[in-house]
Every structure is written in C-alpha cells, then in structure tokens.
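*Asks:* Structure file upload32.txt (compact mmCIF, C-alpha atoms and all ligand atoms) is given on the next line.
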```
# COMPACT_ATOMS: atom_id res chain seq x y z
CA MET K 1 -4.40 -10.47 -3.74
CA ILE K 2 -4.89 -7.43 -5.95
CA LYS K 3 -4.13 -3.83 -5.04
CA VAL K 4 -5.09 -0.89 -7.21
CA VAL K 5 -2.74 2.06 -6.95
CA LYS K 6 -3.69 5.59 -7.93
CA PHE K 7 -1.05 8.31 -8.11
CA GLY K 8 -1.89 11.99 -7.92
CA GLY K 9 -0.38 14.74 -10.06
CA SER K 10 2.41 15.75 -7.71
CA SER K 11 3.52 12.09 -7.57
CA LEU K 12 3.98 12.20 -11.34
CA ALA K 13 5.20 15.73 -11.93
CA SER K 14 8.73 14.81 -13.04
CA ALA K 15 11.01 11.90 -13.96
CA GLU K 16 12.27 11.80 -10.36
CA GLN K 17 8.72 11.42 -9.08
CA PHE K 18 8.01 8.73 -11.69
CA ALA K 19 11.05 6.84 -10.44
CA LYS K 20 9.69 6.91 -6.88
CA VAL K 21 6.36 5.64 -8.19
CA GLY K 22 8.09 2.83 -10.12
CA LYS K 23 9.89 1.74 -6.96
CA ILE K 24 6.64 1.72 -4.98
CA ILE K 25 4.86 -0.38 -7.61
CA HIS K 26 7.69 -2.88 -7.91
CA ALA K 27 8.01 -3.24 -4.15
CA ASP K 28 4.72 -5.17 -3.99
CA LYS K 29 3.67 -7.68 -6.66
CA ASP K 30 0.03 -7.19 -5.70
CA ARG K 31 0.10 -3.65 -7.11
CA ARG K 32 -1.16 -4.76 -10.49
CA TYR K 33 -3.43 -1.99 -11.72
CA VAL K 34 -2.26 1.59 -11.87
CA VAL K 35 -4.34 4.75 -12.27
CA PRO K 36 -2.30 7.90 -12.98
CA SER K 37 -3.34 11.55 -12.84
CA ALA K 38 -1.84 14.10 -15.21
CA PRO K 39 1.55 15.60 -14.21
CA GLY K 40 1.05 18.17 -11.48
CA LYS K 41 3.18 21.02 -10.22
CA ARG K 42 6.93 20.49 -9.71
CA ASN K 43 7.13 23.56 -7.50
CA ALA K 44 4.86 26.32 -6.24
CA LYS K 45 5.25 28.41 -9.40
CA ASP K 46 4.70 25.55 -11.83
CA SER K 47 1.43 24.73 -13.63
CA LYS K 48 -0.54 21.51 -13.64
CA VAL K 49 -0.78 19.95 -17.09
CA THR K 50 -4.58 19.83 -16.70
CA ASP K 51 -4.70 23.60 -16.16
CA MET K 52 -2.42 24.09 -19.18
CA LEU K 53 -4.83 22.01 -21.25
CA TYR K 54 -7.82 24.06 -20.15
CA ALA K 55 -5.92 27.24 -21.04
CA CYS K 56 -5.06 25.74 -24.42
CA TYR K 57 -8.70 24.94 -25.04
CA GLU K 58 -9.69 28.54 -24.38
CA LEU K 59 -7.51 29.52 -27.32
CA VAL K 60 -9.16 26.85 -29.47
CA GLU K 61 -12.55 28.31 -28.62
CA ALA K 62 -11.41 31.84 -29.35
CA GLU K 63 -10.09 30.54 -32.68
CA GLU K 64 -6.59 31.65 -31.76
CA ASP K 65 -3.36 29.82 -32.36
CA PHE K 66 -2.89 27.17 -29.66
CA ARG K 67 0.21 25.45 -31.01
CA VAL K 68 2.74 27.13 -28.71
CA PRO K 69 0.97 26.28 -25.43
CA LEU K 70 0.30 22.75 -26.71
CA MET K 71 4.00 22.33 -27.47
CA LYS K 72 4.79 23.48 -23.92
CA ILE K 73 2.66 20.59 -22.72
CA LYS K 74 4.52 18.23 -25.03
CA ASP K 75 7.77 19.51 -23.51
CA ARG K 76 6.57 18.52 -20.05
CA TYR K 77 6.07 14.95 -21.23
CA ASP K 78 9.30 14.85 -23.24
CA THR K 79 11.25 15.98 -20.16
CA ILE K 80 9.76 13.08 -18.22
CA ILE K 81 10.33 10.61 -21.06
CA ASN K 82 13.96 11.67 -21.49
CA GLY K 83 14.57 11.72 -17.75
CA LEU K 84 13.42 8.11 -17.60
CA ASN K 85 15.43 7.13 -20.73
CA LEU K 86 12.35 5.75 -22.43
CA LYS K 87 12.17 4.97 -26.11
CA LEU K 88 8.84 6.64 -26.63
CA SER K 89 7.69 9.40 -28.92
CA LEU K 90 4.44 11.28 -28.43
CA GLU K 91 4.80 12.99 -31.82
CA GLU K 92 1.89 11.14 -33.44
CA GLU K 93 -0.31 11.54 -30.36
CA PHE K 94 0.18 15.31 -30.38
CA LYS K 95 -0.60 15.44 -34.11
CA LYS K 96 -3.85 13.61 -33.45
CA ILE K 97 -4.70 15.91 -30.52
CA THR K 98 -4.08 19.00 -32.67
CA GLU K 99 -6.34 17.66 -35.41
CA ASN K 100 -9.08 16.69 -33.00
CA LEU K 101 -9.01 20.08 -31.28
CA LYS K 102 -9.25 21.79 -34.66
CA SER K 103 -12.20 19.65 -35.66
CA GLY K 104 -14.29 20.43 -32.63
CA ALA K 105 -13.40 17.89 -29.91
CA GLY K 106 -14.72 19.49 -26.72
CA VAL K 107 -13.22 20.88 -23.55
CA ASP K 108 -13.45 17.52 -21.76
CA TYR K 109 -11.48 15.86 -24.53
CA ALA K 110 -8.80 18.54 -24.16
CA ALA K 111 -8.60 18.23 -20.37
CA SER K 112 -8.52 14.44 -20.45
CA ARG K 113 -5.38 14.31 -22.59
CA GLY K 114 -3.27 14.97 -19.49
CA GLU K 115 -4.18 11.62 -17.99
CA TYR K 116 -4.33 9.86 -21.35
CA LEU K 117 -0.75 10.79 -22.25
CA ASN K 118 0.54 10.19 -18.76
CA GLY K 119 -1.03 6.73 -18.90
CA ILE K 120 0.90 5.98 -22.08
CA VAL K 121 4.16 7.14 -20.50
CA MET K 122 3.46 5.17 -17.32
CA ALA K 123 2.57 1.97 -19.22
CA CYS K 124 5.78 2.25 -21.23
CA TYR K 125 7.86 2.87 -18.11
CA LEU K 126 6.39 -0.08 -16.21
CA GLY K 127 5.97 -2.44 -19.16
CA TYR K 128 2.24 -2.72 -18.36
CA THR K 129 -0.65 -2.75 -20.86
CA PHE K 130 -2.27 0.63 -21.52
CA VAL K 131 -6.08 0.47 -21.33
CA ASP K 132 -7.72 3.67 -22.57
CA ALA K 133 -10.37 4.78 -20.05
CA ALA K 134 -12.65 5.75 -22.97
CA GLU K 135 -13.06 2.04 -23.75
CA VAL K 136 -13.99 0.94 -20.25
CA ILE K 137 -15.49 3.85 -18.30
CA PHE K 138 -18.91 5.01 -19.43
CA PHE K 139 -21.35 7.84 -18.92
CA ASP K 140 -25.03 7.73 -19.96
CA GLU K 141 -26.86 10.14 -22.31
CA ASN K 142 -27.42 12.54 -19.43
CA GLY K 143 -23.75 12.62 -18.59
CA ASN K 144 -24.10 10.58 -15.41
CA PHE K 145 -21.55 7.91 -14.64
CA ASP K 146 -22.92 4.51 -15.71
CA ALA K 147 -21.70 2.24 -12.92
CA ASP K 148 -23.15 -1.06 -14.12
CA LYS K 149 -22.08 -0.82 -17.73
CA THR K 150 -18.62 0.31 -16.65
CA ASN K 151 -18.21 -2.43 -14.10
CA ARG K 152 -19.08 -5.13 -16.61
CA ALA K 153 -16.76 -3.82 -19.32
CA LEU K 154 -13.90 -2.98 -17.00
CA SER K 155 -14.00 -6.33 -15.15
CA ALA K 156 -13.99 -8.24 -18.41
CA ARG K 157 -11.20 -6.14 -19.91
CA LEU K 158 -8.89 -6.25 -16.90
CA ALA K 159 -9.46 -9.99 -16.38
CA LYS K 160 -7.36 -10.39 -19.52
CA GLU K 161 -4.48 -8.34 -18.14
CA GLU K 162 -2.12 -9.36 -15.39
CA HIS K 163 -0.97 -5.74 -15.18
CA ALA K 164 -2.47 -2.60 -16.65
CA VAL K 165 -2.48 1.20 -16.55
CA VAL K 166 -5.88 2.90 -16.77
CA PRO K 167 -5.67 6.71 -16.95
CA GLY K 168 -7.80 8.59 -14.43
CA PHE K 169 -10.33 11.41 -14.76
CA TYR K 170 -12.32 10.50 -17.89
CA GLY K 171 -14.47 8.05 -19.77
CA SER K 172 -16.76 8.19 -22.78
CA MET K 173 -20.32 9.12 -23.64
CA PRO K 174 -22.64 6.80 -25.60
CA ASP K 175 -21.67 8.68 -28.81
CA GLY K 176 -18.00 7.99 -28.14
CA SER K 177 -17.07 11.54 -27.17
CA ILE K 178 -14.88 12.06 -24.11
CA LYS K 179 -16.27 13.19 -20.79
CA THR K 180 -14.36 13.93 -17.61
CA PHE K 181 -15.36 13.69 -13.98
CA SER K 182 -15.12 16.91 -11.98
CA ARG K 183 -11.67 18.20 -10.99
CA GLY K 184 -9.63 15.75 -8.97
CA GLY K 185 -11.63 12.94 -10.56
CA SER K 186 -8.78 10.46 -10.96
CA ASP K 187 -9.58 9.43 -7.39
CA ILE K 188 -12.95 8.25 -8.71
CA THR K 189 -11.36 6.22 -11.50
CA GLY K 190 -9.13 4.49 -8.94
CA SER K 191 -12.16 3.58 -6.93
CA ILE K 192 -14.05 2.27 -9.98
CA VAL K 193 -11.10 0.13 -11.04
CA SER K 194 -10.76 -1.24 -7.50
CA ARG K 195 -14.35 -2.36 -7.52
CA ALA K 196 -14.07 -3.92 -10.99
CA VAL K 197 -11.09 -6.11 -10.08
CA HIS K 198 -12.33 -6.91 -6.54
CA ALA K 199 -9.20 -5.36 -5.09
CA ALA K 200 -8.21 -6.14 -1.52
CA CYS K 201 -7.35 -2.50 -1.14
CA TYR K 202 -7.31 0.79 -3.04
CA GLU K 203 -4.08 2.64 -2.41
CA ASN K 204 -4.35 6.34 -3.13
CA TRP K 205 -0.84 7.83 -3.31
CA THR K 206 -0.51 11.56 -2.83
CA ASP K 207 1.90 14.04 -1.26
CA VAL K 208 0.73 13.86 2.35
CA SER K 209 0.86 10.93 4.75
CA GLY K 210 -2.89 10.62 5.04
CA PHE K 211 -5.45 12.67 6.89
CA LEU K 212 -4.53 14.78 9.86
CA ILE K 213 -6.69 15.23 12.94
CA ALA K 214 -6.91 18.97 12.28
CA ASP K 215 -5.90 21.49 9.63
CA PRO K 216 -2.09 21.99 9.76
CA ARG K 217 -2.60 25.69 8.96
CA ILE K 218 -4.23 25.99 12.38
CA ILE K 219 -2.51 23.29 14.44
CA LYS K 220 1.25 22.87 14.26
CA ASN K 221 2.16 19.29 13.29
CA PRO K 222 -1.21 17.72 13.96
CA LYS K 223 -1.23 13.98 14.56
CA PRO K 224 -2.26 11.79 11.62
CA ILE K 225 -5.50 9.81 11.57
CA LYS K 226 -4.70 6.10 11.37
CA THR K 227 -8.15 4.76 10.66
CA ILE K 228 -11.34 6.58 9.75
CA THR K 229 -14.73 5.22 8.73
CA TYR K 230 -16.48 6.32 5.58
CA ARG K 231 -19.14 8.06 7.64
CA GLU K 232 -16.62 9.99 9.70
CA LEU K 233 -14.84 10.98 6.53
CA ARG K 234 -18.08 12.27 5.07
CA GLU K 235 -18.68 14.44 8.14
CA LEU K 236 -15.15 15.84 8.02
CA SER K 237 -15.02 16.45 4.28
CA TYR K 238 -18.38 18.16 4.41
CA MET K 239 -16.76 20.57 6.85
CA GLY K 240 -13.93 21.30 4.50
CA ALA K 241 -11.21 18.71 5.16
CA SER K 242 -10.09 17.51 1.76
CA VAL K 243 -7.59 15.00 0.45
CA LEU K 244 -9.83 12.72 -1.53
CA HIS K 245 -12.56 13.50 -4.08
CA GLU K 246 -15.93 13.01 -2.35
CA ASP K 247 -17.38 10.80 -5.08
CA ALA K 248 -14.39 8.47 -4.87
CA VAL K 249 -15.83 6.78 -1.85
CA PHE K 250 -18.98 5.28 -3.36
CA PRO K 251 -17.69 2.51 -5.67
CA VAL K 252 -15.31 1.00 -3.12
CA ARG K 253 -17.65 1.51 -0.22
CA LYS K 254 -20.28 -0.50 -2.01
CA ALA K 255 -17.80 -3.35 -2.33
CA GLY K 256 -16.33 -3.10 1.18
CA ILE K 257 -12.87 -2.25 -0.15
CA PRO K 258 -10.72 -0.12 2.17
CA ILE K 259 -8.84 2.91 0.89
CA ASN K 260 -5.30 3.55 2.06
CA ILE K 261 -4.07 7.12 1.62
CA ARG K 262 -0.26 7.04 1.22
CA ASN K 263 2.58 9.45 0.62
CA THR K 264 4.75 8.91 -2.48
CA ASN K 265 7.49 10.99 -0.86
CA ALA K 266 7.41 8.97 2.38
CA PRO K 267 6.34 5.45 1.36
CA GLU K 268 7.34 4.02 4.74
CA ASP K 269 4.54 5.97 6.42
CA GLU K 270 1.47 3.87 7.01
CA GLY K 271 -0.94 6.63 5.96
CA THR K 272 -4.64 6.64 6.72
CA TRP K 273 -7.03 3.71 6.29
CA ILE K 274 -10.58 4.56 5.27
CA VAL K 275 -12.85 1.66 6.15
CA GLU K 276 -16.52 0.80 6.35
CA SER K 277 -16.33 -0.22 9.96
CA THR K 278 -13.69 -1.04 12.53
CA CYS K 279 -13.60 -2.39 16.05
CA GLN K 280 -10.42 -0.41 16.69
CA GLN K 281 -11.06 2.69 18.71
CA SER K 282 -9.09 5.74 17.78
CA LYS K 283 -6.48 6.70 20.31
CA TYR K 284 -8.04 10.01 21.19
CA THR K 285 -11.86 9.59 21.46
CA ILE K 286 -12.16 11.98 18.56
CA THR K 287 -11.09 11.12 15.03
CA GLY K 288 -10.87 14.60 13.58
CA ILE K 289 -11.88 18.24 13.76
CA ALA K 290 -12.84 20.40 10.80
CA GLY K 291 -14.76 23.58 10.32
CA LYS K 292 -15.81 26.39 8.07
CA LYS K 293 -16.29 30.09 8.48
CA GLY K 294 -18.92 32.29 6.94
CA PHE K 295 -22.33 31.32 8.28
CA VAL K 296 -25.36 33.32 9.32
CA SER K 297 -27.86 32.20 11.92
CA VAL K 298 -31.46 33.18 11.34
CA ASN K 299 -33.17 33.01 14.74
CA ILE K 300 -36.92 32.83 14.61
CA ASP K 301 -39.05 33.29 17.74
CA LYS K 302 -42.68 32.50 18.20
CA ASP K 303 -44.52 31.84 21.42
CA MET K 304 -46.02 28.37 21.54
CA MET K 305 -44.12 27.41 18.41
CA ASN K 306 -43.74 23.89 19.73
CA ALA K 307 -47.51 23.37 19.52
CA GLU K 308 -47.88 24.62 15.97
CA VAL K 309 -47.99 21.84 13.42
CA GLY K 310 -46.13 22.74 10.21
CA PHE K 311 -44.19 25.73 11.56
CA GLY K 312 -40.82 24.32 10.53
CA ARG K 313 -42.04 23.55 7.04
CA LYS K 314 -43.34 27.10 6.59
CA VAL K 315 -40.02 28.57 7.70
CA LEU K 316 -38.04 26.31 5.40
CA THR K 317 -40.34 27.15 2.50
CA ALA K 318 -39.15 30.75 2.83
CA PHE K 319 -35.59 29.55 2.23
CA GLU K 320 -36.62 27.26 -0.58
CA GLU K 321 -38.51 30.04 -2.35
CA ASN K 322 -35.27 32.02 -2.37
CA GLU K 323 -33.18 29.04 -3.45
CA ILE K 324 -31.09 28.98 -0.31
CA SER K 325 -30.01 25.67 1.18
CA PHE K 326 -29.69 25.40 4.93
CA GLU K 327 -26.90 23.74 6.88
CA HIS K 328 -28.27 23.11 10.37
CA ILE K 329 -31.50 23.75 12.24
CA PRO K 330 -31.02 23.60 15.98
CA SER K 331 -34.29 24.43 17.74
CA GLY K 332 -35.57 25.31 21.18
CA ILE K 333 -39.05 25.42 22.68
CA ASP K 334 -40.14 28.72 21.18
CA THR K 335 -37.20 29.31 18.84
CA MET K 336 -35.91 27.81 15.69
CA THR K 337 -32.54 28.68 14.19
CA VAL K 338 -31.54 28.14 10.59
CA PHE K 339 -27.87 28.22 9.64
CA VAL K 340 -27.08 29.31 6.09
CA HIS K 341 -23.98 30.26 4.12
CA GLN K 342 -23.34 33.98 4.44
CA PRO K 343 -22.28 34.70 0.83
CA GLU K 344 -25.33 32.86 -0.51
CA PHE K 345 -27.68 34.57 1.94
CA GLU K 346 -26.48 38.18 2.05
CA GLY K 347 -28.13 39.47 -1.11
CA LYS K 348 -31.41 37.80 -0.25
CA GLU K 349 -31.72 38.42 3.48
CA GLN K 350 -34.62 40.87 3.35
CA ALA K 351 -36.53 38.70 0.89
CA VAL K 352 -36.12 35.73 3.22
CA ILE K 353 -37.19 37.68 6.30
CA SER K 354 -40.34 38.93 4.65
CA ALA K 355 -41.12 35.47 3.29
CA ILE K 356 -40.81 33.97 6.80
CA HIS K 357 -43.17 36.65 8.14
CA ARG K 358 -45.66 35.99 5.38
CA LEU K 359 -45.55 32.20 5.65
CA ALA K 360 -44.97 31.48 9.35
CA GLU K 361 -46.03 34.67 11.19
CA PRO K 362 -43.31 34.58 13.84
CA ASP K 363 -43.02 37.09 16.70
CA SER K 364 -39.54 38.19 15.71
CA ILE K 365 -36.55 37.32 13.58
CA ASP K 366 -32.97 38.08 14.48
CA LEU K 367 -29.90 37.62 12.29
CA GLU K 368 -26.35 37.02 13.39
CA GLY K 369 -23.55 36.85 10.83
CA ASP K 370 -19.83 36.04 10.80
CA LEU K 371 -20.26 32.68 12.45
CA ALA K 372 -18.14 29.57 12.07
CA LEU K 373 -19.17 25.95 12.44
CA ILE K 374 -16.81 23.34 13.82
CA ALA K 375 -17.46 19.60 13.60
CA VAL K 376 -15.82 17.36 16.17
CA VAL K 377 -16.11 13.89 14.70
CA GLY K 378 -15.39 10.51 16.23
CA ARG K 379 -16.89 7.05 16.39
CA GLY K 380 -15.36 6.86 19.86
CA MET K 381 -17.78 9.45 21.21
CA ARG K 382 -20.61 6.96 21.46
CA ALA K 383 -18.75 4.85 24.00
CA THR K 384 -17.24 7.70 25.96
CA ARG K 385 -19.05 9.78 28.49
CA GLY K 386 -18.46 13.46 28.90
CA THR K 387 -17.17 14.31 25.42
CA ALA K 388 -19.47 17.28 25.05
CA GLY K 389 -18.63 18.42 28.57
CA ARG K 390 -14.94 18.32 27.80
CA ILE K 391 -15.38 20.32 24.62
CA PHE K 392 -17.33 23.03 26.40
CA SER K 393 -15.01 23.32 29.35
CA ALA K 394 -12.05 23.60 26.94
CA LEU K 395 -13.85 26.36 25.06
CA ALA K 396 -14.82 28.13 28.28
CA HIS K 397 -11.20 28.04 29.44
CA ALA K 398 -10.18 29.62 26.17
CA ASN K 399 -12.81 32.34 26.70
CA ILE K 400 -14.82 31.31 23.70
CA ASN K 401 -18.52 31.87 23.60
CA VAL K 402 -20.42 28.91 22.16
CA LYS K 403 -23.34 30.12 20.07
CA MET K 404 -24.77 26.80 18.97
CA ILE K 405 -24.49 23.11 19.72
CA ASP K 406 -25.86 20.36 17.54
CA GLN K 407 -25.18 16.71 18.22
CA GLY K 408 -26.12 14.39 15.36
CA SER K 409 -28.34 11.52 16.43
CA SER K 410 -25.65 9.10 15.31
CA GLU K 411 -23.43 10.41 18.12
CA LEU K 412 -20.71 10.56 15.54
CA ASN K 413 -20.24 14.27 15.69
CA ILE K 414 -20.88 17.40 17.66
CA ILE K 415 -21.24 20.63 15.74
CA ILE K 416 -20.42 23.86 17.48
CA GLY K 417 -21.08 27.40 16.32
CA VAL K 418 -18.68 30.17 17.36
CA SER K 419 -17.94 33.59 15.94
CA ASN K 420 -15.55 33.69 12.97
CA ALA K 421 -12.99 35.50 15.11
CA ASP K 422 -12.87 32.61 17.60
CA PHE K 423 -12.62 29.89 14.95
CA GLU K 424 -8.90 29.10 15.12
CA ASN K 425 -8.69 29.36 18.90
CA ALA K 426 -11.67 27.09 19.30
CA ILE K 427 -10.07 24.42 17.11
CA ARG K 428 -6.83 24.72 19.08
CA ALA K 429 -8.65 24.37 22.39
CA ILE K 430 -10.54 21.26 21.25
CA TYR K 431 -7.43 19.70 19.72
CA ASP K 432 -5.44 20.30 22.90
CA ILE K 433 -7.97 18.80 25.23
CA PHE K 434 -8.34 15.58 23.23
CA VAL K 435 -4.98 15.06 21.62
CA GLU K 436 -2.32 16.88 23.62
CA THR K 437 -3.72 15.87 26.98
CA GLN K 438 -4.82 12.50 25.51
CA LEU K 439 -8.13 12.31 27.26
N1 LIG K 501 -5.88 16.05 -13.53
C1 LIG K 501 -7.20 16.27 -13.07
C2 LIG K 501 -7.26 17.55 -12.23
O1 LIG K 501 -6.27 18.25 -12.11
C3 LIG K 501 -7.77 15.11 -12.35
C4 LIG K 501 -6.97 14.60 -11.20
O2 LIG K 501 -5.80 14.94 -11.06
O3 LIG K 501 -7.50 13.83 -10.40
O4 LIG K 501 -8.28 17.88 -11.71
```
For this file, produce the structure as structure tokens.
*Replies:*
Amino acid sequence: MIKVVKFGGSSLASAEQFAKVGKIIHADKDRRYVVPSAPGKRNAKDSKVTDMLYACYELVEAEEDFRVPLMKIKDRYDTIINGLNLKLSLEEEFKKITENLKSGAGVDYAASRGEYLNGIVMACYLGYTFVDAAEVIFFDENGNFDADKTNRALSARLAKEEHAVVPGFYGSMPDGSIKTFSRGGSDITGSIVSRAVHAACYENWTDVSGFLIADPRIIKNPKPIKTITYRELRELSYMGASVLHEDAVFPVRKAGIPINIRNTNAPEDEGTWIVESTCQQSKYTITGIAGKKGFVSVNIDKDMMNAEVGFGRKVLTAFEENEISFEHIPSGIDTMTVFVHQPEFEGKEQAVISAIHRLAEPDSIDLEGDLALIAVVGRGMRATRGTAGRIFSALAHANINVKMIDQGSSELNIIIGVSNADFENAIRAIYDIFVETQL
C-alpha cells in the first residue's frame, strides 16, 4: 500500500516541527512519497517563507538590492538545518537563485524556491530521493496544468523510487520556466502525486484536526467532521469553509483516492476523511454549516411572470451585461430574486436596475442589502424527514427572520438567507438543534 503525505507550512516551520514530521513518516512504512510546503510561520508575528520570497522579488523588479532579505530566507533554512544536525549547505543553491533572479527569472520562480529548498532539506533529513517538481509537473503553453503529460512523467519517475520527496506548489512550462499554482497550491501537488502513484490514500497534514462542523470563531469547540463527501465539501468550501485548496480535489477524486486531513501537532487524532461516497451516515444528520455575509437580493416583480417565456434570461442578461455573477435565484409565481455579492454590485446597482427595466419590463424592482447566506450541508438530509422544519423552528425560536430558502435539488444542502446582523446567531441556532441536541 502507498500513502502520499503532504505537509503544510506550519508543519515545517522549524526544526522541532520537522522532527514531528519525521516521526509521523517513520511511523508508517506506507508513507513513501512526501510533498512539503515552504516553511510557514513559527508564531503569529513571523512571516511565511513564500511571502518573504514575494517581497524579495518586488525588490528585484524595482532593481533594488535584494541580498539582505534573501539572506534572511537563507537564515530560516540554516536554522532548520542546524536544528536537525544535518550536513547540508544551501550555499550553492542560494548563489544560483541570486544569479537567476538577476538574469530575469520571474516571480513564480522566486516564489517556488520556498518549496524547492524545503524539499532538499526534507529529502536530506529523511534520506529520500529529491525529485524536482519542474521535471515532473507540467503546464501547457496557456499556463494550464497539463494533467496527462504530468501523470505519465510522474508515474514513470516515481516508479523508480521506493521513497521520494516532491516539493509542492510548482511545475514547469513547455519552455522550461517555472510556474506555480495559486497560493496554497502544495495541496494540489499532493493530490497529483497521489494519483500518479495510485496511492491508497492522500494524507494532508496541517495544524488542525480536520474540518469542523462550523466555524470555531462562531461556535465554541465545534465537533469535528469525521467523514465528508467531495460534493459536501464543495458546497461548504464554496460558502467559505477552507482548509484545503479547492483544486486539490480533482486529481484524487478522479482516481477514487480518499483524502485524510490530519494534524501534525496531534497525530493521534483521526482527522477528517474526504471520500467520493460512503454508506456511513454522519452522526448528526447534517455534515457541516458554513456561510458568508455581504449579499444583496434583487427582487423583481411582474404579474403573470410565470407565463412569460424567456423572462429569466432577460433578467440575467442585465447582470451579464454589467459583468456581475449571481449566486442564487429563488423564484416565486410572480417574483424572481437574484442574489449577488454586495461589493461587486454596489457601484453598478443603478445600471443593473435600468438594464432589467429595458430588457424584461418588470412591474417593480426592490433591493435589499446586508444579507448573509448560510448553507446547511449533509448527505443525511435526503434520508431524514423534517430537516428543513427543524432549521426553521430553531431560527424562529432564536427570533431570526428568514429572508430566503433554497434547497438544492440534490437534497444535499439547504441555503438560508438572513440579515448580516443575524448571521452568527443563526449559525448557533442551527448548530445547537442538530449537534448539541443530537437530533
Ligand atoms: N507556500 C505556498 C503558499 O504559501 C504554497 C503552499 O503552502 O501550499 O501559498
């Protein structure tokens, strides 16, 4: 059995953290392929190496002296190397980086060096082979990730290695230059490597013990989520819950490989399993709650709207013309409501209103701002009666006015609109009714 293990920046921020990571890897012989991030923050005031590299690159661009900040980065690595008693010098690597930056290597090259160097340190510490991501992870001419080419090269390369370290976050373009994924992209590399080696599981080690049912800033000590499906995760992350990079799901999902989110600082915790499908019901009917503030509802009224073919299209054209994407469109018999992001909409509201009048000739349009949307997600809802009823009675008890309800046809989620001011209380009320009272 093969497990791919990816470690996030906080898991690799210092020699002490590296030692924890080493212990975790050696505790299970199946953990054969390792994907490291760059060193993250050691404390709240510290900087991530990736951010330091971006700052360094700004100096390169401004044609200012970048040697001092680059040496600060070298210090971070040397502190780790010395703390681990490794016989490793990054002197030559830093010379090469300096030269390359001077001769026009781009911002992605600069940012990627955090993972590249950490991969070298990690490989030395573990005694594993270092495989540069630039040689096995590819982007096409348009800068899109080339999944097929990568999978072929990476499978072939790793088949030759019993153990290897592949740095996260970057790959190479057809001309050989370095390109990174978006921020947090080491998660994606871990997923790509898992697919290439047909891993039994992709362990993603971070600094929390998996996903929580609700945001801990709103709910005190929320219960963890043991198992979540990819689709549930998508619904929750869309609503703002974040632990894993969104694009990290696709490669493993395609191959049916589960992801296990684990905590480097509490390796005994089971963490969260992200799976394609499961016959296990979650303990609480709902799997998770997430939400976002800052929406506007655009309520459009027109008598006999239900009989007018093309009305919805005309309304949405008004948004499209103004380059505004919509979030939800609950509709009634003679009303249609379009939910949009407030910051995106505010400057264009009058243009949108007049466009709707011109295109769809409604009777009236009414705007309401400062709204929040809350998604209650759970595969268990399909098999349970009365979920919506329970949500609404909990909200009524908490004196919260529900402005909108939208149940996806998959019965995987119910989306509720409340005013921004009621957001936190609404989440508490829903959490309590499902989790604290265990209904
Ligand atoms: N080091 C990169 C970042 O900070 C990528 C990662 O950590 O996943 O975004």
*Asks:* Which is closer to ligand LIG 501 (chain K) than all the others in K:Gly106, K:Gly171, K:Gly176, K:Gly8, using all atoms listed in the file?
*Replies:*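 That would be K:Gly8, the residue with the smallest distance to ligand LIG 501 (chain K).
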*Asks:* Return the padded bounding box of ligand LIG 501 (chain K) as AutoDock Vina command-line options: axis-aligned, built from all atoms listed in the file, 8 Å added on each side, with centre and edge lengths in Å to one decimal.
*Replies:*
```
--center_x -7.0 --center_y 16.0 --center_z -12.0 --size_x 18.5 --size_y 20.4 --size_z 19.1
```
*Asks:* Measuring between all atoms listed in the file, which one of K:Ser186, K:Asn100, K:Gln17, K:Thr129 shows the shortest distance to ligand LIG 501 (chain K)?
*Replies:*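 Once distances to ligand LIG 501 (chain K) are computed over all atoms listed in the file, the minimum belongs to K:Ser186.
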*Asks:* Which residues are near ligand LIG 501 (chain K) - at most 6 Å, using all atoms listed in the file? Format: as an mmCIF file with C-alpha atoms, keeping the file's coordinate frame.
*Replies:*
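Saved the output as out05.cif:
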```cif
data_model
loop_
_atom_site.group_PDB
_atom_site.id
_atom_site.type_symbol
_atom_site.label_atom_id
_atom_site.label_comp_id
_atom_site.auth_asym_id
_atom_site.auth_seq_id
_atom_site.Cartn_x
_atom_site.Cartn_y
_atom_site.Cartn_z
ATOM 1 C CA GLY K 8 -1.890 11.990 -7.920
ATOM 2 C CA GLY K 9 -0.380 14.740 -10.060
ATOM 3 C CA SER K 37 -3.340 11.550 -12.840
ATOM 4 C CA ALA K 38 -1.840 14.100 -15.210
ATOM 5 C CA THR K 50 -4.580 19.830 -16.700
ATOM 6 C CA PHE K 169 -10.330 11.410 -14.760
ATOM 7 C CA ARG K 183 -11.670 18.200 -10.990
ATOM 8 C CA GLY K 184 -9.630 15.750 -8.970
ATOM 9 C CA GLY K 185 -11.630 12.940 -10.560
ATOM 10 C CA SER K 186 -8.780 10.460 -10.960
ATOM 11 C CA ASP K 187 -9.580 9.430 -7.390
#
```
*Asks:* Hey, what's within 9 Å of Ile25 (chain K) if we count all atoms listed in the file and toss same-chain stuff fewer than 6 positions away? As a list in words, please?
*Replies:*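 Result of the neighbour search: Val5, Arg31, Arg32, Val34 and Leu126 of chain K.
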*Asks:* Nearest to Ala159 (chain K) among K:Met173, K:Ile2, K:Ile274, K:Ile374, with distances taken over all atoms listed in the file: which residue is it?
*Replies:*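 Checking each candidate against Ala159 (chain K), we get K:Ile2 as the closest.
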*Asks:* Find the distance between CA of Gly210 (chain K) and CA of Gly168 (chain K) and write it in Å to one decimal.
*Replies:*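 Result for CA of Gly210 (chain K) versus CA of Gly168 (chain K): 20.2 Å, one decimal.
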